[in-house]
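Engineer: Please read through the structure below; I'll follow up with questions.
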Amino acid sequence: FGVECSYYAAKIRACLTYKRVPFVEVQATRRVYAGEILPRVGWPVVPVLVTPDGATVPATSDMVDLVAARHPERPVLPTEGAARVLSYLLEFLGDEWLKLPAMHYRWNHNYEFIVAEFGRNNDPEASPAEQWRVGGKLAPRFRDWLVPLGVVPASEATVEQDYLALLDLLDTHFAAHPYLLGGAPTLGDFAFFGPLYAHLERDPNSGATMHAR
């Protein structure tokens, strides 16, 4: 269960796609939250992975571990020890550090887009006006994450400078290597894909910044 604009849904979607594991993605609408996610997990969250044997997994690091264990072909962890540690470190950076620019650009530069998106995800059959109303009710809970992350007016310029510097570094790196650690994706690639696609490329204003850079 997920939505296209979800940071972590993009991460596990990329992993499943790379490993060629068949899956069905169900959009997490209001009805899906009420009928599937809340009964299974106990709180509202996406993504949620449900396995063919009925196990429910709500955290993407656990999802990736489970998929890797059940489908060892096309491995997502290097075999060499130092590279494995680096892969986990890159996953951590993608999951947690890139959250700062992803949340900053979404809520400070793409607010109207994401409010409408939240409404469409919640009830795709509602009118645009109703979707906007619902999205406006949901949005503040997510926008309020900025302050605990340290994204405040005094730090916004630094967050942007660091993000643009990262894009330059990635441009240089990917001119020589197809993935973060060489010739095949590892945990970090999936973790970076989450924010870089679902927030920073897909949201229109930050997407324009990414393409221009």
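Scheme for the structure tokens: letters A, B, ... for chains in order shown; per-chain residue numbers from 1; ligand numbers from 1 in order shown.
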Where in segment 6-210 of chain A does DSSP assign alpha helix (DSSP H), given as a PyMOL selection string?

Structural biologist: chain A and resi 7-18+30-32+38-41+60-70+81-92+99-109+111-122+128-143+146-149+156-174+187-193+204-210

Engineer: Give me the residues near Val115 of chain A as JSON, numbers by chain, where near means some atom within 12 Å (using only C-alpha atoms) and where sequence neighbours in that chain fewer than 5 positions away do not count.

Structural biologist: {"A": [5, 106, 107, 108, 109, 110, 120, 121, 122, 128, 129, 130, 131, 132, 133, 134, 135, 136, 137, 138, 139, 140, 141, 142, 143, 203]}

Engineer: Limited to N, CA, C and O atoms, could you put the picked residues into a file as an mmCIF file, in the first residue's frame?

Structural biologist:
data_model
loop_
_atom_site.group_PDB
_atom_site.id
_atom_site.type_symbol
_atom_site.label_atom_id
_atom_site.label_comp_id
_atom_site.auth_asym_id
_atom_site.auth_seq_id
_atom_site.Cartn_x
_atom_site.Cartn_y
_atom_site.Cartn_z
ATOM 1 N N CYS A 5 3.603 9.902 -4.292
ATOM 2 C CA CYS A 5 4.377 11.008 -3.712
ATOM 3 C C CYS A 5 5.081 10.624 -2.425
ATOM 4 O O CYS A 5 5.724 11.473 -1.794
ATOM 5 N N ARG A 106 9.396 20.443 -0.438
ATOM 6 C CA ARG A 106 7.968 20.096 -0.558
ATOM 7 C C ARG A 106 7.086 21.126 0.138
ATOM 8 O O ARG A 106 6.129 21.636 -0.452
ATOM 9 N N TRP A 107 7.402 21.448 1.395
ATOM 10 C CA TRP A 107 6.469 22.249 2.181
ATOM 11 C C TRP A 107 6.724 23.748 2.094
ATOM 12 O O TRP A 107 5.828 24.536 2.406
ATOM 13 N N ASN A 108 7.894 24.143 1.638
ATOM 14 C CA ASN A 108 8.159 25.570 1.492
ATOM 15 C C ASN A 108 8.142 26.053 0.048
ATOM 16 O O ASN A 108 8.100 27.261 -0.189
ATOM 17 N N HIS A 109 8.168 25.127 -0.923
ATOM 18 C CA HIS A 109 8.197 25.534 -2.331
ATOM 19 C C HIS A 109 7.142 24.840 -3.190
ATOM 20 O O HIS A 109 6.983 25.204 -4.360
ATOM 21 N N ASN A 110 6.460 23.843 -2.664
ATOM 22 C CA ASN A 110 5.476 23.088 -3.457
ATOM 23 C C ASN A 110 4.166 22.903 -2.698
ATOM 24 O O ASN A 110 3.458 21.917 -2.909
ATOM 25 N N ARG A 120 -6.151 14.284 -3.597
ATOM 26 C CA ARG A 120 -6.391 13.276 -4.640
ATOM 27 C C ARG A 120 -6.090 11.875 -4.124
ATOM 28 O O ARG A 120 -6.817 10.922 -4.416
ATOM 29 N N ASN A 121 -5.004 11.740 -3.366
ATOM 30 C CA ASN A 121 -4.677 10.420 -2.822
ATOM 31 C C ASN A 121 -5.744 9.935 -1.841
ATOM 32 O O ASN A 121 -6.081 8.755 -1.813
ATOM 33 N N ASN A 122 -6.242 10.842 -1.032
ATOM 34 C CA ASN A 122 -7.207 10.479 -0.002
ATOM 35 C C ASN A 122 -8.533 10.021 -0.598
ATOM 36 O O ASN A 122 -9.122 9.052 -0.134
ATOM 37 N N PRO A 128 -12.456 18.360 -7.193
ATOM 38 C CA PRO A 128 -11.220 19.083 -6.866
ATOM 39 C C PRO A 128 -11.365 19.976 -5.635
ATOM 40 O O PRO A 128 -10.435 20.074 -4.832
ATOM 41 N N ALA A 129 -12.515 20.596 -5.486
ATOM 42 C CA ALA A 129 -12.725 21.462 -4.321
ATOM 43 C C ALA A 129 -12.703 20.660 -3.029
ATOM 44 O O ALA A 129 -12.110 21.083 -2.027
ATOM 45 N N GLU A 130 -13.339 19.493 -3.039
ATOM 46 C CA GLU A 130 -13.335 18.650 -1.847
ATOM 47 C C GLU A 130 -11.939 18.081 -1.589
ATOM 48 O O GLU A 130 -11.495 17.987 -0.438
ATOM 49 N N GLN A 131 -11.246 17.693 -2.650
ATOM 50 C CA GLN A 131 -9.882 17.204 -2.482
ATOM 51 C C GLN A 131 -8.990 18.287 -1.872
ATOM 52 O O GLN A 131 -8.170 18.011 -1.001
ATOM 53 N N TRP A 132 -9.174 19.531 -2.308
ATOM 54 C CA TRP A 132 -8.379 20.634 -1.758
ATOM 55 C C TRP A 132 -8.697 20.843 -0.278
ATOM 56 O O TRP A 132 -7.804 21.068 0.527
ATOM 57 N N ARG A 133 -9.962 20.720 0.072
ATOM 58 C CA ARG A 133 -10.358 20.885 1.477
ATOM 59 C C ARG A 133 -9.725 19.799 2.342
ATOM 60 O O ARG A 133 -9.153 20.090 3.411
ATOM 61 N N VAL A 134 -9.800 18.565 1.876
ATOM 62 C CA VAL A 134 -9.248 17.450 2.642
ATOM 63 C C VAL A 134 -7.726 17.553 2.714
ATOM 64 O O VAL A 134 -7.124 17.359 3.777
ATOM 65 N N GLY A 135 -7.092 17.857 1.589
ATOM 66 C CA GLY A 135 -5.646 18.018 1.581
ATOM 67 C C GLY A 135 -5.189 19.108 2.528
ATOM 68 O O GLY A 135 -4.163 18.970 3.206
ATOM 69 N N GLY A 136 -5.974 20.181 2.611
ATOM 70 C CA GLY A 136 -5.644 21.262 3.531
ATOM 71 C C GLY A 136 -5.742 20.853 4.987
ATOM 72 O O GLY A 136 -5.048 21.420 5.849
ATOM 73 N N LYS A 137 -6.596 19.884 5.299
ATOM 74 C CA LYS A 137 -6.687 19.375 6.670
ATOM 75 C C LYS A 137 -5.517 18.446 6.995
ATOM 76 O O LYS A 137 -5.034 18.410 8.129
ATOM 77 N N LEU A 138 -5.075 17.674 6.012
ATOM 78 C CA LEU A 138 -4.007 16.705 6.249
ATOM 79 C C LEU A 138 -2.620 17.346 6.264
ATOM 80 O O LEU A 138 -1.729 16.903 6.992
ATOM 81 N N ALA A 139 -2.438 18.386 5.463
ATOM 82 C CA ALA A 139 -1.102 18.928 5.229
ATOM 83 C C ALA A 139 -0.393 19.443 6.470
ATOM 84 O O ALA A 139 0.817 19.193 6.634
ATOM 85 N N PRO A 140 -1.057 20.188 7.372
ATOM 86 C CA PRO A 140 -0.309 20.766 8.500
ATOM 87 C C PRO A 140 0.422 19.736 9.352
ATOM 88 O O PRO A 140 1.513 20.012 9.873
ATOM 89 N N ARG A 141 -0.134 18.534 9.500
ATOM 90 C CA ARG A 141 0.525 17.511 10.316
ATOM 91 C C ARG A 141 1.889 17.151 9.743
ATOM 92 O O ARG A 141 2.838 16.878 10.486
ATOM 93 N N PHE A 142 2.002 17.170 8.422
ATOM 94 C CA PHE A 142 3.274 16.837 7.788
ATOM 95 C C PHE A 142 4.197 18.053 7.728
ATOM 96 O O PHE A 142 5.404 17.931 7.926
ATOM 97 N N ARG A 143 3.626 19.220 7.473
ATOM 98 C CA ARG A 143 4.441 20.427 7.442
ATOM 99 C C ARG A 143 5.066 20.705 8.809
ATOM 100 O O ARG A 143 6.171 21.259 8.889
ATOM 101 N N ASP A 203 7.721 16.780 -7.368
ATOM 102 C CA ASP A 203 7.074 18.048 -7.008
ATOM 103 C C ASP A 203 7.563 19.118 -7.981
ATOM 104 O O ASP A 203 8.761 19.223 -8.261
#

Engineer: List as a list in words the protein and nucleic acid residues near segment 16-31 of chain A, meaning an atom at most 9 Å away when only C-alpha atoms are counted, but skip any in the same chain fewer than 4 places from it.

Structural biologist: Phe1, Gly2, Val3, Glu4, Lys11, Ile12, Gly35, Glu36, Ile37, Val46, Pro47, Val64, Val67, Ala68, His71, Pro72, Glu73, Arg74, Pro75, Val76, Arg120, Asn121, Asn122, Asp123, Pro124 and Pro185 of chain A

Engineer: Mind writing the picked residues with N, CA, C and O atoms as a compact mmCIF listing (two decimals), in the first residue's frame?

Structural biologist:
# COMPACT_ATOMS: atom_id res chain seq x y z
N PHE A 1 0.86 -1.18 0.00
CA PHE A 1 0.00 0.00 0.00
C PHE A 1 0.90 1.23 0.00
O PHE A 1 1.81 1.34 0.82
N GLY A 2 0.62 2.15 -0.92
CA GLY A 2 1.46 3.35 -1.00
C GLY A 2 0.82 4.40 -1.87
O GLY A 2 -0.30 4.23 -2.37
N VAL A 3 1.53 5.50 -2.03
CA VAL A 3 1.14 6.55 -2.96
C VAL A 3 2.39 7.01 -3.70
O VAL A 3 3.51 6.87 -3.21
N GLU A 4 2.19 7.59 -4.88
CA GLU A 4 3.31 7.96 -5.73
C GLU A 4 4.19 9.04 -5.10
O GLU A 4 5.39 9.07 -5.33
N LYS A 11 11.17 4.20 -2.35
CA LYS A 11 12.34 3.37 -2.01
C LYS A 11 12.05 1.88 -2.21
O LYS A 11 12.80 1.18 -2.91
N ILE A 12 10.97 1.38 -1.62
CA ILE A 12 10.70 -0.05 -1.73
C ILE A 12 10.23 -0.42 -3.13
O ILE A 12 10.53 -1.51 -3.63
N GLY A 35 -9.64 0.36 6.07
CA GLY A 35 -9.92 -1.06 5.96
C GLY A 35 -8.72 -1.98 5.99
O GLY A 35 -8.86 -3.17 6.29
N GLU A 36 -7.52 -1.45 5.68
CA GLU A 36 -6.34 -2.30 5.58
C GLU A 36 -5.20 -1.84 6.49
O GLU A 36 -4.69 -2.61 7.29
N ILE A 37 -4.79 -0.58 6.34
CA ILE A 37 -3.56 -0.15 7.01
C ILE A 37 -3.74 -0.06 8.52
O ILE A 37 -2.94 -0.61 9.29
N VAL A 46 2.39 4.95 5.37
CA VAL A 46 2.71 4.32 4.08
C VAL A 46 4.21 4.43 3.87
O VAL A 46 4.82 5.38 4.37
N PRO A 47 4.77 3.46 3.17
CA PRO A 47 4.14 2.27 2.59
C PRO A 47 3.97 1.17 3.64
O PRO A 47 4.58 1.19 4.70
N VAL A 64 13.10 -4.27 2.80
CA VAL A 64 14.23 -4.61 1.94
C VAL A 64 14.93 -5.86 2.44
O VAL A 64 15.28 -6.76 1.66
N VAL A 67 12.71 -8.89 1.57
CA VAL A 67 12.74 -9.19 0.13
C VAL A 67 14.08 -9.80 -0.25
O VAL A 67 14.15 -10.77 -1.01
N ALA A 68 15.17 -9.26 0.31
CA ALA A 68 16.49 -9.79 0.00
C ALA A 68 16.64 -11.23 0.48
O ALA A 68 17.27 -12.06 -0.19
N HIS A 71 14.37 -13.46 -1.78
CA HIS A 71 14.74 -13.42 -3.20
C HIS A 71 16.22 -13.05 -3.31
O HIS A 71 16.56 -11.90 -3.62
N PRO A 72 17.12 -13.99 -3.04
CA PRO A 72 18.55 -13.65 -3.00
C PRO A 72 19.16 -13.29 -4.34
O PRO A 72 20.25 -12.70 -4.38
N GLU A 73 18.49 -13.63 -5.43
CA GLU A 73 19.02 -13.26 -6.73
C GLU A 73 19.03 -11.72 -6.86
O GLU A 73 18.24 -11.03 -6.23
N ARG A 74 19.95 -11.20 -7.68
CA ARG A 74 20.16 -9.75 -7.84
C ARG A 74 20.33 -9.11 -6.45
O ARG A 74 19.50 -8.29 -6.02
N PRO A 75 21.38 -9.48 -5.73
CA PRO A 75 21.55 -9.01 -4.35
C PRO A 75 21.67 -7.49 -4.26
O PRO A 75 22.14 -6.82 -5.20
N VAL A 76 21.27 -6.95 -3.11
CA VAL A 76 21.29 -5.51 -2.89
C VAL A 76 22.29 -5.11 -1.81
O VAL A 76 22.33 -3.96 -1.41
N ARG A 120 -6.15 14.28 -3.60
CA ARG A 120 -6.39 13.28 -4.64
C ARG A 120 -6.09 11.88 -4.12
O ARG A 120 -6.82 10.92 -4.42
N ASN A 121 -5.00 11.74 -3.37
CA ASN A 121 -4.68 10.42 -2.82
C ASN A 121 -5.74 9.94 -1.84
O ASN A 121 -6.08 8.76 -1.81
N ASN A 122 -6.24 10.84 -1.03
CA ASN A 122 -7.21 10.48 0.00
C ASN A 122 -8.53 10.02 -0.60
O ASN A 122 -9.12 9.05 -0.13
N ASP A 123 -9.00 10.74 -1.60
CA ASP A 123 -10.30 10.41 -2.20
C ASP A 123 -10.26 10.77 -3.68
O ASP A 123 -10.65 11.87 -4.08
N PRO A 124 -9.77 9.87 -4.52
CA PRO A 124 -9.60 10.19 -5.94
C PRO A 124 -10.91 10.46 -6.68
O PRO A 124 -10.88 11.05 -7.76
N PRO A 185 23.08 -1.54 -8.11
CA PRO A 185 22.50 -0.79 -6.98
C PRO A 185 22.62 -1.55 -5.67
O PRO A 185 22.62 -2.79 -5.65

Engineer: Which is closer to Val159 of chain A than all the others in A:Cys15, A:Leu90, A:Ala102, A:Ala116, using only C-alpha atoms?

Structural biologist: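 Distance minimum relative to Val159 of chain A lands on A:Ala102.
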
Engineer: A:Ala83, A:Leu164, A:Leu169, A:Leu49: which is nearest Gly182 of chain A, counting only C-alpha atoms?

Structural biologist: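 Smallest distance to Gly182 of chain A is found for A:Ala83.
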